[in-house]
Structure formats: C-alpha cells, structure tokens
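To start, the structure under review is shown below, and the notes come after it.
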Amino acid sequence: MQGKVRQLGIEIGVLPVGQKNCITDVEGVQVGHVTLDEPLDQNGAYACTGVTAILPHGGNVFQQKVTAASYVLNGFGKTTGLVQVNELGVLESPIMLTNTFGVPAVTQGTLSYMLDRNEDIGLTTGTINLVVGECNDSYLNSIRACSVTPAHAIEAIRQASTKTAQEGAVGAGKGMMCFGYKGGIGSSSRIVKVESNEVNYTVGCLVLSNFGQDREFLAEYYKVSTMQNQSTLSPTDGSIIIVLATDAPLSSRQLTRVIKRCGIGLGRTGSHFSHGSGDIVIGFTTAHCIPHTADQLIETRTQLREDHPIMNQLFTAAAEATEEAILNSLSQAQTTTGRNGHTVQAYSFQQA
C-alpha cells in the first residue's frame, strides 16, 4: 500500500494540515469501520463491501446534538435523514456510510444502537433522525445479496475511535472505485489560524469516493505519471459522500456556506458531478453541544462574524481537505478482487 499523497511529495493547497491529517484531528470526532471481504458461494458471488461510522463526539449524540447541515451537489443518491438535518440544523446520530442496498440494514442497526442507549426515544420524547449515506459498489460487490446486516452497523459504531482512520479499501469503501481505479475511504484535515488572537480551528474531511473515469482524472495537475495502464472501468452510477467536520463556531447556515466549497475540491480532481452521480456533502461542527431537553425559552450560541477573514480561510480549508481526501482514497487503496473475479487496480502515484 502506498502512503498518503503528502508522503509521496504531493502537497495540496496552502493551509497547514493537522497532526494526523485526518477528520479525527477535530477533537472528539471518531471513525469506525467494518469490512466484508469473502466469497458467498461457488458461483462468483462475493461480499466486497462494508460500513463506516463517523461520530461527532464520544458522548450520547441524541442527548447532546451538534450543529449540522447538508448540501447536494448532484442528487442521484439514496440517503436518509438529510431533510430534517437541513430543517432543524442539528445532527443527533452517527453519520453512517455503506453501499446502496445496505442503507435499510444500516439504518436499522443504527436505530437499534441508539434505542438501546436512549430508553426515552419514542416513549417520553420524540423519534430520532438517522443519517445514512451510500455509494454503489456493485462492480466488485454482489450487491443483491444484501450482505450488510444491522449488526455490522452496530459494530462499526463500537469500533469508532479518535485514532487516525483507516483509508482506502476498508469499511464502506471496500468495493468502491474512483476514476476507474480502486477508491474508497480517504481523509485529510486543515488548520485555520487567526493570528491576531492566537485562535486555531480545525477542519477535517472524510470521503467515500466512487466516481469518475480514468480520462477525467487530472493526473498532470498533480505531476504524476499518466503512462500506467489506463483503466476502462467507471463506477455504476458513481457517487461520492463527503463528510466535513470542524470545531469552528458556525451556525447551520454558515456551515452550509462552508460545505458548499467541498465541491471545489471535488472539481479540482476532475469531477464534473455527472448525471448518475450522487455527490452529497454532510457537515457538522463540534463547537456547540445542544441538549435534547432544556427548560430555557432562549438559548445562546457563539458564532463567527460573517465578514471576518476567517470565513474565507474556512472556505479554503473545505476545498483543500476535500481534494486531498479524495487523492488519499486513491493512494491508500489496494488492488481488489470481488464479484465474478472482477478486479480493480490501485492507482500508482508515480512522479512524472
């Protein structure tokens, strides 16, 4: 396996990266994976898929919600929970990623996990809004077998930690492709500094990449060789789910403005948000913990000034971290064989 692209001499953007160059550089954020990689029968059926969980903090997310937003770049996707996220501006569950047909099972597993931790849900309080995103991994994965179960979702949540997240062909990224090569999970982070008062904010990004054709990848821009064997593969209804986390104190509306800039990072790699691609961004900030119940009529939150130069830095951070996370999903992935012997090669980041 190759290292992150930064270790290979490819530096993206101008802002400094976090210590782990990962979404978990945002304090408290956790990532967990469950990977399925096994034959299902003697006729070529294969489970090449998985589940990835992103937790905004280590506490009870239903009881201590965080400010959140989502943005659809291209809507060819099958997600749950984004309507309420945008209406209320809060996230109250882990963000779960899986394959397209795994969404019902992952939703059920996440629901079971959250019900076990919150006996009041559906009885003395309202229901819960679960957020699940997906990409189509049917070239490598026997997607009709529906191998992902609710138990896999629960395990992914339990495996979540603040360590550097595994990347490439792991978790939900096990069967995904990017620009015709092996894609999957990638992550990166940026530090935004306000020199005048020594305030630092962290922006972290995690992607599930499953989009694009070889000819679209802007290899020349990154000064890597284009002489390797060209891939003729492209994801079926290719997609990308982008998860952006920050500790900057932003309102949901401000967060929407920031996560829109993730599309810039996606476009820089060569994507044009194709017709059959579900390109969706989900963002949250850990700056506010919003209690599920409170007696006060008025609640007060701190947020950044709209016209302060820090907002432009946050926009830059979102674009840079997304771009580098996508490249890391390529560089960290391994050549993978799955359904009916289908094989997707890893991209070799050789200097031109």
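Please note that chains go A, B, ... in the order of the structure tokens, that every chain numbers its residues from 1, and that ligands are numbered from 1 in the order shown.
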
Mind dumping a table of every stretch 214-268 of chain A residue within 9 Å of stretch 178-189 of chain A, with the nearest atom pair and its distance in Å to one decimal, using only C-alpha atoms, sorted by chain and rising number, as a Markdown table?
```
| residue | atom | partner | partner_atom | distance |
| --- | --- | --- | --- | --- |
| A:Asp214 | CA | A:Phe179 | CA | 4.6 |
| A:Arg215 | CA | A:Phe179 | CA | 7.7 |
| A:Glu216 | CA | A:Phe179 | CA | 6.9 |
| A:Phe217 | CA | A:Phe179 | CA | 6.1 |
| A:Gln230 | CA | A:Gly180 | CA | 8.5 |
| A:Ser231 | CA | A:Gly180 | CA | 5.5 |
| A:Thr232 | CA | A:Gly180 | CA | 6.5 |
| A:Leu233 | CA | A:Gly180 | CA | 4.6 |
| A:Ser234 | CA | A:Gly180 | CA | 4.7 |
| A:Pro235 | CA | A:Gly180 | CA | 6.9 |
| A:Gly238 | CA | A:Cys178 | CA | 8.3 |
```

Q. Quick one: residues within 12 Å of A:Cys146, only C-alpha atoms counted, chain neighbours fewer than 4 positions away excluded, as a list in words?
A.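 Those residues are Leu36, Leu40, Ala45, Tyr46, Ala47, Cys48, Thr49, Gly50, Thr98, Asn99, Thr100, Phe101, Gly102, Val103, Pro104, Ala105, Val106, Asp137, Ser138, Asn141, Ser142, Pro150 and His152 of chain A.
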
Now that the selection is made, can you save its residues with all heavy atoms as a compact mmCIF listing (two decimals), in the first residue's frame?
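Saved the output as part.txt:
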```txt
# COMPACT_ATOMS: atom_id res chain seq x y z
N LEU A 36 -16.37 -6.22 4.89
CA LEU A 36 -16.77 -7.57 4.46
C LEU A 36 -15.98 -7.93 3.21
O LEU A 36 -16.01 -7.21 2.22
CB LEU A 36 -18.27 -7.62 4.17
CG LEU A 36 -19.21 -7.14 5.28
CD1 LEU A 36 -20.66 -7.34 4.86
CD2 LEU A 36 -18.93 -7.86 6.57
N LEU A 40 -19.31 -15.69 -1.29
CA LEU A 40 -20.63 -16.06 -0.77
C LEU A 40 -21.09 -17.42 -1.26
O LEU A 40 -21.94 -18.05 -0.64
CB LEU A 40 -21.66 -14.99 -1.16
CG LEU A 40 -21.41 -13.59 -0.59
CD1 LEU A 40 -22.44 -12.61 -1.15
CD2 LEU A 40 -21.45 -13.60 0.93
N ALA A 45 -20.33 -15.22 -6.52
CA ALA A 45 -20.91 -14.21 -5.63
C ALA A 45 -19.90 -13.85 -4.55
O ALA A 45 -19.22 -14.74 -4.00
CB ALA A 45 -22.21 -14.70 -5.02
N TYR A 46 -19.80 -12.57 -4.23
CA TYR A 46 -18.75 -12.13 -3.31
C TYR A 46 -19.23 -10.92 -2.52
O TYR A 46 -19.84 -9.99 -3.07
CB TYR A 46 -17.50 -11.75 -4.10
CG TYR A 46 -16.21 -11.83 -3.32
CD1 TYR A 46 -15.42 -12.97 -3.35
CD2 TYR A 46 -15.79 -10.75 -2.54
CE1 TYR A 46 -14.23 -13.04 -2.62
CE2 TYR A 46 -14.61 -10.81 -1.81
CZ TYR A 46 -13.83 -11.95 -1.86
OH TYR A 46 -12.66 -12.03 -1.14
N ALA A 47 -18.94 -10.93 -1.23
CA ALA A 47 -19.20 -9.77 -0.37
C ALA A 47 -17.94 -8.92 -0.33
O ALA A 47 -16.93 -9.31 0.24
CB ALA A 47 -19.59 -10.21 1.04
N CYS A 48 -18.01 -7.78 -0.98
CA CYS A 48 -16.87 -6.85 -1.06
C CYS A 48 -17.42 -5.47 -0.72
O CYS A 48 -17.63 -4.63 -1.60
CB CYS A 48 -16.25 -6.88 -2.45
SG CYS A 48 -14.75 -5.91 -2.63
N THR A 49 -17.69 -5.25 0.55
CA THR A 49 -18.43 -4.06 0.97
C THR A 49 -18.17 -3.80 2.43
O THR A 49 -17.25 -4.36 3.03
CB THR A 49 -19.93 -4.26 0.66
OG1 THR A 49 -20.63 -3.03 0.83
CG2 THR A 49 -20.55 -5.35 1.51
N GLY A 50 -18.98 -2.95 3.06
CA GLY A 50 -18.78 -2.69 4.48
C GLY A 50 -19.58 -1.50 4.97
O GLY A 50 -20.48 -0.98 4.30
N THR A 98 -22.37 3.28 3.66
CA THR A 98 -22.40 1.88 3.24
C THR A 98 -22.70 1.84 1.75
O THR A 98 -22.61 2.85 1.04
CB THR A 98 -23.45 1.10 4.05
OG1 THR A 98 -23.34 -0.30 3.77
CG2 THR A 98 -24.87 1.57 3.75
N ASN A 99 -23.05 0.64 1.23
CA ASN A 99 -23.44 0.53 -0.17
C ASN A 99 -24.93 0.82 -0.33
O ASN A 99 -25.68 0.87 0.65
CB ASN A 99 -23.08 -0.85 -0.74
CG ASN A 99 -24.01 -1.95 -0.26
OD1 ASN A 99 -25.18 -2.02 -0.61
ND2 ASN A 99 -23.48 -2.86 0.57
N THR A 100 -25.37 1.00 -1.56
CA THR A 100 -26.74 1.46 -1.84
C THR A 100 -27.80 0.56 -1.19
O THR A 100 -28.72 1.05 -0.53
CB THR A 100 -26.98 1.52 -3.36
OG1 THR A 100 -25.94 2.30 -3.95
CG2 THR A 100 -28.32 2.14 -3.67
N PHE A 101 -27.68 -0.75 -1.39
CA PHE A 101 -28.69 -1.65 -0.85
C PHE A 101 -28.48 -1.94 0.63
O PHE A 101 -29.29 -2.63 1.25
CB PHE A 101 -28.71 -2.97 -1.64
CG PHE A 101 -29.25 -2.83 -3.05
CD1 PHE A 101 -29.19 -3.89 -3.94
CD2 PHE A 101 -29.82 -1.65 -3.48
CE1 PHE A 101 -29.68 -3.77 -5.23
CE2 PHE A 101 -30.32 -1.51 -4.77
CZ PHE A 101 -30.24 -2.58 -5.65
N GLY A 102 -27.39 -1.44 1.21
CA GLY A 102 -27.15 -1.61 2.64
C GLY A 102 -27.80 -0.55 3.50
O GLY A 102 -27.80 -0.66 4.73
N VAL A 103 -28.38 0.48 2.87
CA VAL A 103 -28.95 1.59 3.64
C VAL A 103 -30.04 1.12 4.62
O VAL A 103 -30.03 1.52 5.79
CB VAL A 103 -29.48 2.69 2.70
CG1 VAL A 103 -30.28 3.74 3.46
CG2 VAL A 103 -28.32 3.35 1.96
N PRO A 104 -31.00 0.27 4.21
CA PRO A 104 -32.03 -0.15 5.18
C PRO A 104 -31.44 -0.89 6.38
O PRO A 104 -31.84 -0.62 7.52
CB PRO A 104 -32.94 -1.06 4.34
CG PRO A 104 -32.76 -0.59 2.94
CD PRO A 104 -31.31 -0.21 2.84
N ALA A 105 -30.51 -1.81 6.13
CA ALA A 105 -29.93 -2.58 7.24
C ALA A 105 -29.11 -1.69 8.16
O ALA A 105 -29.16 -1.83 9.40
CB ALA A 105 -29.06 -3.72 6.69
N VAL A 106 -28.34 -0.78 7.59
CA VAL A 106 -27.52 0.11 8.41
C VAL A 106 -28.40 1.06 9.21
O VAL A 106 -28.12 1.35 10.38
CB VAL A 106 -26.51 0.88 7.53
CG1 VAL A 106 -25.84 1.99 8.30
CG2 VAL A 106 -25.46 -0.09 6.98
N ASP A 137 -21.51 -0.06 -5.07
CA ASP A 137 -20.29 -0.85 -5.22
C ASP A 137 -20.52 -2.16 -5.99
O ASP A 137 -19.80 -3.14 -5.79
CB ASP A 137 -19.65 -1.16 -3.85
CG ASP A 137 -20.58 -1.92 -2.91
OD1 ASP A 137 -21.65 -2.39 -3.35
OD2 ASP A 137 -20.23 -2.06 -1.72
N SER A 138 -21.51 -2.17 -6.89
CA SER A 138 -21.97 -3.43 -7.49
C SER A 138 -20.99 -4.05 -8.49
O SER A 138 -21.20 -5.20 -8.90
CB SER A 138 -23.33 -3.23 -8.16
OG SER A 138 -23.26 -2.24 -9.18
N ASN A 141 -18.91 -5.85 -5.61
CA ASN A 141 -19.73 -6.46 -4.56
C ASN A 141 -21.01 -7.05 -5.15
O ASN A 141 -21.65 -6.43 -5.99
CB ASN A 141 -20.08 -5.41 -3.51
CG ASN A 141 -21.01 -5.94 -2.44
OD1 ASN A 141 -20.78 -7.00 -1.88
ND2 ASN A 141 -22.05 -5.18 -2.13
N SER A 142 -21.38 -8.24 -4.69
CA SER A 142 -22.68 -8.82 -5.07
C SER A 142 -23.76 -8.09 -4.28
O SER A 142 -24.25 -8.56 -3.25
CB SER A 142 -22.70 -10.32 -4.78
OG SER A 142 -21.77 -11.01 -5.58
N PRO A 150 -27.75 -5.30 10.12
CA PRO A 150 -27.78 -4.32 11.21
C PRO A 150 -26.63 -4.49 12.20
O PRO A 150 -26.12 -3.50 12.73
CB PRO A 150 -29.14 -4.60 11.86
CG PRO A 150 -29.99 -5.11 10.74
CD PRO A 150 -29.06 -5.95 9.91
N HIS A 152 -23.60 -5.27 11.59
CA HIS A 152 -22.40 -4.63 11.07
C HIS A 152 -22.40 -3.14 11.37
O HIS A 152 -21.35 -2.55 11.67
CB HIS A 152 -22.29 -4.87 9.56
CG HIS A 152 -22.07 -6.30 9.19
ND1 HIS A 152 -22.76 -6.92 8.16
CD2 HIS A 152 -21.25 -7.25 9.71
CE1 HIS A 152 -22.37 -8.17 8.06
NE2 HIS A 152 -21.46 -8.39 9.00
```

Q | Spatial neighbours of stretch 112-122 of chain A, max dist 12 Å, only C-alpha atoms, sep filter under 3 positions, as a PyMOL selection string | A | chain A and resi 59-64+92-94+105-109+125-130+149-158+292-293

Q: Run DSSP on the backbone of this structure and report the residues of stretch 210-262 of chain A it assigns to helix (DSSP H, G or I), as a ChimeraX atom specification.
A: /A:214-216,219-222,252-260,262

Q: Within 9 Å of stretch 321-332 of chain A, counting only C-alpha atoms, which residues show up once you throw out same-chain ones fewer than 5 positions away? Write them as an MDAnalysis selection string, please.
A: chainID A and resid 1:6 11:13 17 21:22 166:169 173 177:179 181:190 203:209 242:244 261:269 316 346:349

Q: Considering only C-alpha atoms, state which residue in the set A:Gln30, A:Thr67, A:Thr343, A:Ser274 is at the smallest distance from A:Thr302.
A: A:Thr67

(Q) What's around stretch 283-291 of chain A at 7 Å? Count only C-alpha atoms, leave out sequence neighbours fewer than 4 positions away in its own chain, and write the answer as an MDAnalysis selection string. (A) chainID A and resid 56 63:70 243:250 255 259

Export of the given selection (N, CA and C atoms) as an mmCIF file, in the first residue's frame:
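Generated file (part04.cif):
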```
data_model
loop_
_atom_site.group_PDB
_atom_site.id
_atom_site.type_symbol
_atom_site.label_atom_id
_atom_site.label_comp_id
_atom_site.auth_asym_id
_atom_site.auth_seq_id
_atom_site.Cartn_x
_atom_site.Cartn_y
_atom_site.Cartn_z
ATOM 1 N N PRO A 56 -19.623 12.418 15.889
ATOM 2 C CA PRO A 56 -19.130 13.774 16.162
ATOM 3 C C PRO A 56 -18.464 13.931 17.515
ATOM 4 N N GLN A 63 -28.691 12.895 22.941
ATOM 5 C CA GLN A 63 -28.868 13.791 24.078
ATOM 6 C C GLN A 63 -28.066 15.071 23.933
ATOM 7 N N GLN A 64 -26.919 15.004 23.243
ATOM 8 C CA GLN A 64 -26.063 16.166 23.032
ATOM 9 C C GLN A 64 -25.826 16.316 21.529
ATOM 10 N N LYS A 65 -26.729 16.982 20.875
ATOM 11 C CA LYS A 65 -26.702 17.130 19.420
ATOM 12 C C LYS A 65 -25.643 18.144 19.014
ATOM 13 N N VAL A 66 -25.294 18.146 17.736
ATOM 14 C CA VAL A 66 -24.348 19.139 17.224
ATOM 15 C C VAL A 66 -24.975 19.863 16.033
ATOM 16 N N THR A 67 -24.528 21.089 15.821
ATOM 17 C CA THR A 67 -24.991 21.873 14.675
ATOM 18 C C THR A 67 -24.538 21.196 13.384
ATOM 19 N N ALA A 68 -25.433 21.114 12.397
ATOM 20 C CA ALA A 68 -25.130 20.360 11.176
ATOM 21 C C ALA A 68 -25.839 20.966 9.981
ATOM 22 N N ALA A 69 -25.437 20.509 8.805
ATOM 23 C CA ALA A 69 -26.041 20.929 7.539
ATOM 24 C C ALA A 69 -25.672 19.921 6.474
ATOM 25 N N SER A 70 -26.392 19.939 5.372
ATOM 26 C CA SER A 70 -26.012 19.106 4.222
ATOM 27 C C SER A 70 -26.217 19.916 2.949
ATOM 28 N N VAL A 243 -17.951 14.019 4.086
ATOM 29 C CA VAL A 243 -18.308 14.401 5.451
ATOM 30 C C VAL A 243 -17.280 15.412 5.939
ATOM 31 N N LEU A 244 -17.746 16.587 6.325
ATOM 32 C CA LEU A 244 -16.855 17.643 6.794
ATOM 33 C C LEU A 244 -17.156 17.933 8.259
ATOM 34 N N ALA A 245 -16.104 17.947 9.063
ATOM 35 C CA ALA A 245 -16.223 18.259 10.485
ATOM 36 C C ALA A 245 -15.343 19.453 10.815
ATOM 37 N N THR A 246 -15.774 20.249 11.781
ATOM 38 C CA THR A 246 -14.963 21.370 12.241
ATOM 39 C C THR A 246 -15.295 21.672 13.691
ATOM 40 N N ASP A 247 -14.393 22.396 14.353
ATOM 41 C CA ASP A 247 -14.670 22.897 15.692
ATOM 42 C C ASP A 247 -14.903 24.405 15.672
ATOM 43 N N ALA A 248 -14.970 24.991 14.487
ATOM 44 C CA ALA A 248 -15.256 26.420 14.368
ATOM 45 C C ALA A 248 -16.713 26.685 14.743
ATOM 46 N N PRO A 249 -16.981 27.725 15.518
ATOM 47 C CA PRO A 249 -18.364 28.008 15.929
ATOM 48 C C PRO A 249 -19.162 28.632 14.795
ATOM 49 N N LEU A 250 -19.935 27.812 14.118
ATOM 50 C CA LEU A 250 -20.714 28.231 12.961
ATOM 51 C C LEU A 250 -22.182 27.913 13.178
ATOM 52 N N LEU A 255 -22.454 26.981 8.189
ATOM 53 C CA LEU A 255 -21.871 25.676 7.865
ATOM 54 C C LEU A 255 -22.231 25.263 6.447
ATOM 55 N N ILE A 259 -19.571 24.048 3.586
ATOM 56 C CA ILE A 259 -19.549 22.737 2.941
ATOM 57 C C ILE A 259 -19.814 22.822 1.441
#
```

Could you find all residues in stretch 160-305 of chain A that DSSP calls strand (DSSP E or B) from the backbone, and write them as a compact mmCIF listing (two decimals) with N, CA, C and O atoms, in the first residue's frame?
```txt
# COMPACT_ATOMS: atom_id res chain seq x y z
N SER A 161 -13.09 5.23 16.90
CA SER A 161 -12.10 5.80 17.81
C SER A 161 -11.57 7.10 17.24
O SER A 161 -11.83 7.44 16.09
N GLY A 168 -8.77 3.89 2.22
CA GLY A 168 -8.69 3.01 1.06
C GLY A 168 -9.82 2.01 1.03
O GLY A 168 -10.99 2.34 1.25
N MET A 177 -14.86 2.44 -6.38
CA MET A 177 -13.88 2.82 -7.40
C MET A 177 -13.83 4.33 -7.54
O MET A 177 -14.81 5.02 -7.26
N CYS A 178 -12.67 4.83 -7.99
CA CYS A 178 -12.52 6.26 -8.19
C CYS A 178 -11.68 6.48 -9.45
O CYS A 178 -10.55 5.99 -9.54
N TYR A 181 -10.12 3.42 -10.95
CA TYR A 181 -9.16 2.68 -10.13
C TYR A 181 -9.79 2.43 -8.76
O TYR A 181 -10.91 2.83 -8.49
N LYS A 182 -9.05 1.78 -7.89
CA LYS A 182 -9.61 1.47 -6.58
C LYS A 182 -9.71 2.75 -5.74
O LYS A 182 -8.74 3.47 -5.59
N GLY A 184 -12.45 4.54 -2.41
CA GLY A 184 -12.98 4.18 -1.10
C GLY A 184 -12.88 5.31 -0.10
O GLY A 184 -13.28 6.44 -0.37
N ILE A 185 -12.34 5.01 1.07
CA ILE A 185 -12.25 5.97 2.16
C ILE A 185 -10.97 6.79 2.06
O ILE A 185 -9.88 6.24 1.87
N GLY A 186 -11.11 8.10 2.18
CA GLY A 186 -9.95 8.99 2.25
C GLY A 186 -10.24 10.10 3.24
O GLY A 186 -11.39 10.45 3.49
N SER A 187 -9.18 10.67 3.81
CA SER A 187 -9.38 11.71 4.80
C SER A 187 -8.24 12.71 4.77
O SER A 187 -7.12 12.39 4.32
N SER A 188 -8.50 13.90 5.26
CA SER A 188 -7.48 14.94 5.36
C SER A 188 -7.99 16.03 6.30
O SER A 188 -9.17 16.03 6.67
N SER A 189 -7.11 16.92 6.70
CA SER A 189 -7.52 18.00 7.61
C SER A 189 -6.72 19.26 7.33
O SER A 189 -5.66 19.22 6.68
N ARG A 190 -7.20 20.38 7.84
CA ARG A 190 -6.54 21.66 7.73
C ARG A 190 -6.69 22.44 9.04
O ARG A 190 -7.70 22.30 9.74
N ILE A 191 -5.68 23.25 9.33
CA ILE A 191 -5.71 24.13 10.49
C ILE A 191 -5.87 25.57 10.00
O ILE A 191 -5.13 26.01 9.13
N VAL A 192 -6.84 26.25 10.55
CA VAL A 192 -7.12 27.65 10.22
C VAL A 192 -6.73 28.49 11.43
O VAL A 192 -7.18 28.22 12.55
N LYS A 193 -5.91 29.50 11.20
CA LYS A 193 -5.38 30.29 12.31
C LYS A 193 -5.82 31.75 12.21
O LYS A 193 -5.86 32.32 11.12
N VAL A 194 -6.16 32.31 13.37
CA VAL A 194 -6.41 33.74 13.47
C VAL A 194 -5.25 34.32 14.26
O VAL A 194 -5.18 34.20 15.49
N VAL A 199 -6.14 32.16 17.89
CA VAL A 199 -7.20 31.16 17.84
C VAL A 199 -6.97 30.24 16.64
O VAL A 199 -6.70 30.71 15.54
N ASN A 200 -7.06 28.94 16.87
CA ASN A 200 -6.94 27.95 15.81
C ASN A 200 -8.24 27.16 15.70
O ASN A 200 -8.83 26.79 16.72
N TYR A 201 -8.65 26.89 14.48
CA TYR A 201 -9.77 25.99 14.24
C TYR A 201 -9.31 24.87 13.31
O TYR A 201 -8.41 25.06 12.48
N THR A 202 -9.92 23.71 13.46
CA THR A 202 -9.58 22.55 12.64
C THR A 202 -10.75 22.20 11.73
O THR A 202 -11.91 22.24 12.15
N VAL A 203 -10.44 21.88 10.49
CA VAL A 203 -11.42 21.39 9.52
C VAL A 203 -10.94 20.01 9.07
O VAL A 203 -9.81 19.86 8.61
N GLY A 204 -11.79 19.01 9.22
CA GLY A 204 -11.45 17.66 8.80
C GLY A 204 -12.45 17.13 7.79
O GLY A 204 -13.64 17.45 7.87
N CYS A 205 -11.98 16.32 6.86
CA CYS A 205 -12.84 15.78 5.82
C CYS A 205 -12.63 14.28 5.68
O CYS A 205 -11.49 13.79 5.76
N LEU A 206 -13.72 13.55 5.49
CA LEU A 206 -13.66 12.12 5.14
C LEU A 206 -14.56 11.91 3.94
O LEU A 206 -15.70 12.41 3.92
N VAL A 207 -14.04 11.19 2.94
CA VAL A 207 -14.83 10.92 1.74
C VAL A 207 -15.02 9.43 1.53
O VAL A 207 -14.19 8.61 1.94
N LEU A 208 -16.13 9.11 0.88
CA LEU A 208 -16.37 7.78 0.32
C LEU A 208 -16.41 7.99 -1.19
O LEU A 208 -17.41 8.46 -1.74
N SER A 209 -15.29 7.69 -1.86
CA SER A 209 -15.16 8.05 -3.29
C SER A 209 -15.52 6.88 -4.18
O SER A 209 -15.05 5.76 -4.00
N ASN A 210 -16.37 7.15 -5.17
CA ASN A 210 -16.85 6.10 -6.07
C ASN A 210 -17.36 6.76 -7.36
O ASN A 210 -18.51 6.62 -7.73
N VAL A 224 1.89 13.52 -11.63
CA VAL A 224 2.10 12.08 -11.52
C VAL A 224 1.99 11.46 -12.90
O VAL A 224 1.39 12.03 -13.82
N SER A 239 -20.63 7.86 -7.34
CA SER A 239 -21.03 8.85 -6.36
C SER A 239 -19.88 9.19 -5.44
O SER A 239 -18.84 8.53 -5.44
N ILE A 240 -20.07 10.21 -4.63
CA ILE A 240 -19.17 10.50 -3.52
C ILE A 240 -19.98 11.08 -2.37
O ILE A 240 -20.87 11.91 -2.58
N ILE A 241 -19.70 10.59 -1.18
CA ILE A 241 -20.23 11.18 0.03
C ILE A 241 -19.06 11.88 0.72
O ILE A 241 -18.01 11.27 0.96
N ILE A 242 -19.23 13.16 1.02
CA ILE A 242 -18.20 13.96 1.68
C ILE A 242 -18.72 14.35 3.05
O ILE A 242 -19.81 14.92 3.17
N VAL A 243 -17.95 14.02 4.09
CA VAL A 243 -18.31 14.40 5.45
C VAL A 243 -17.28 15.41 5.94
O VAL A 243 -16.08 15.13 5.95
N LEU A 244 -17.75 16.59 6.33
CA LEU A 244 -16.86 17.64 6.79
C LEU A 244 -17.16 17.93 8.26
O LEU A 244 -18.30 18.15 8.64
N ALA A 245 -16.10 17.95 9.06
CA ALA A 245 -16.22 18.26 10.49
C ALA A 245 -15.34 19.45 10.81
O ALA A 245 -14.28 19.64 10.21
N THR A 246 -15.77 20.25 11.78
CA THR A 246 -14.96 21.37 12.24
C THR A 246 -15.30 21.67 13.69
O THR A 246 -16.34 21.25 14.21
N GLY A 278 -24.29 10.58 -7.26
CA GLY A 278 -24.83 11.17 -6.04
C GLY A 278 -23.71 11.84 -5.28
O GLY A 278 -22.97 11.18 -4.55
N ASP A 279 -23.57 13.14 -5.45
CA ASP A 279 -22.48 13.90 -4.83
C ASP A 279 -23.06 14.73 -3.70
O ASP A 279 -23.68 15.78 -3.94
N ILE A 280 -22.85 14.28 -2.48
CA ILE A 280 -23.56 14.84 -1.32
C ILE A 280 -22.56 15.16 -0.22
O ILE A 280 -21.67 14.36 0.08
N VAL A 281 -22.74 16.33 0.40
CA VAL A 281 -21.87 16.76 1.50
C VAL A 281 -22.70 16.85 2.78
O VAL A 281 -23.80 17.40 2.79
N ILE A 282 -22.16 16.30 3.86
CA ILE A 282 -22.76 16.39 5.19
C ILE A 282 -21.73 17.02 6.11
O ILE A 282 -20.58 16.55 6.18
N GLY A 283 -22.11 18.08 6.79
CA GLY A 283 -21.16 18.77 7.65
C GLY A 283 -21.69 18.97 9.06
O GLY A 283 -22.90 19.04 9.28
N PHE A 284 -20.77 19.06 10.01
CA PHE A 284 -21.17 19.37 11.40
C PHE A 284 -20.04 20.10 12.10
O PHE A 284 -18.88 20.02 11.71
N THR A 285 -20.41 20.85 13.13
CA THR A 285 -19.42 21.49 13.99
C THR A 285 -19.60 21.00 15.41
O THR A 285 -20.73 20.88 15.90
N THR A 286 -18.47 20.75 16.07
CA THR A 286 -18.49 20.29 17.45
C THR A 286 -18.46 21.44 18.44
O THR A 286 -18.39 21.23 19.65
N ALA A 287 -18.51 22.67 17.93
CA ALA A 287 -18.40 23.85 18.80
C ALA A 287 -19.60 23.98 19.73
O ALA A 287 -19.49 24.56 20.82
N HIS A 288 -20.76 23.46 19.31
CA HIS A 288 -21.97 23.58 20.13
C HIS A 288 -22.48 22.18 20.47
O HIS A 288 -22.69 21.37 19.57
N CYS A 289 -22.70 21.91 21.73
CA CYS A 289 -23.45 20.72 22.12
C CYS A 289 -24.83 21.20 22.55
O CYS A 289 -24.97 22.00 23.48
N ILE A 290 -25.84 20.73 21.86
CA ILE A 290 -27.21 21.22 22.05
C ILE A 290 -27.99 20.14 22.80
O ILE A 290 -28.26 19.06 22.26
N PRO A 291 -28.36 20.38 24.04
CA PRO A 291 -29.07 19.36 24.81
C PRO A 291 -30.44 19.04 24.22
O PRO A 291 -31.11 19.93 23.70
```

Q: Could you jot down the atom CA of A:Gly81 to atom CA of A:His272 separation for me, Å, one decimal place?
A: 25.6 Å

Q: List the neighbours of A:Val31 out to 8 Å using only C-alpha atoms; skip same-chain residues closer than 2 positions along the sequence, and give me the result as an MDAnalysis selection string.
A: chainID A and resid 24 29 33 52:55 157 159:163 165

Would you mind exporting the chosen residues as a PDB file, in the first residue's frame, restricted to C-alpha atoms?
```
ATOM      1  CA  THR A  24     -10.206  12.840  13.662  1.00  0.00           C
ATOM      2  CA  VAL A  29     -14.563  13.015  16.254  1.00  0.00           C
ATOM      3  CA  HIS A  33     -15.150   0.542  10.041  1.00  0.00           C
ATOM      4  CA  THR A  52     -18.203   3.202   8.089  1.00  0.00           C
ATOM      5  CA  ALA A  53     -19.382   5.215  11.102  1.00  0.00           C
ATOM      6  CA  ILE A  54     -18.466   8.840  11.860  1.00  0.00           C
ATOM      7  CA  LEU A  55     -19.303  10.038  15.374  1.00  0.00           C
ATOM      8  CA  ILE A 157     -20.101   2.360  15.741  1.00  0.00           C
ATOM      9  CA  GLN A 159     -15.191   0.227  16.654  1.00  0.00           C
ATOM     10  CA  ALA A 160     -15.088   4.013  16.273  1.00  0.00           C
ATOM     11  CA  SER A 161     -12.098   5.800  17.811  1.00  0.00           C
ATOM     12  CA  THR A 162     -10.217   9.078  17.637  1.00  0.00           C
ATOM     13  CA  LYS A 163      -7.167   7.353  16.115  1.00  0.00           C
ATOM     14  CA  ALA A 165      -8.845   6.482  10.426  1.00  0.00           C
TER      15      ALA A 165
END
```

Q.
Between A:Gly133, A:Leu140, A:Ala317, A:Leu88, which residue has the minimum interatomic distance to A:Val344, considering only C-alpha atoms?
A.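 Of all the options, A:Leu140 lies closest to A:Val344.
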
**Q.** Nearest residue to A:Glu320 from the set A:Gly9, A:Glu27, A:Tyr221, A:Val14 (distances using only C-alpha atoms)
**A.**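 Closest candidate: A:Val14.
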
Q. A:Leu304, A:His57, A:Ile143, A:Phe76: which is nearest A:Asp25, counting only C-alpha atoms?
A. A:His57

Q: Could you tell me which of A:Tyr71, A:Leu15, A:Lys174, A:Asp41 comes closest to A:Gln334 if we count only C-alpha atoms?
A: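 Selected residue with least distance to A:Gln334: A:Lys174.
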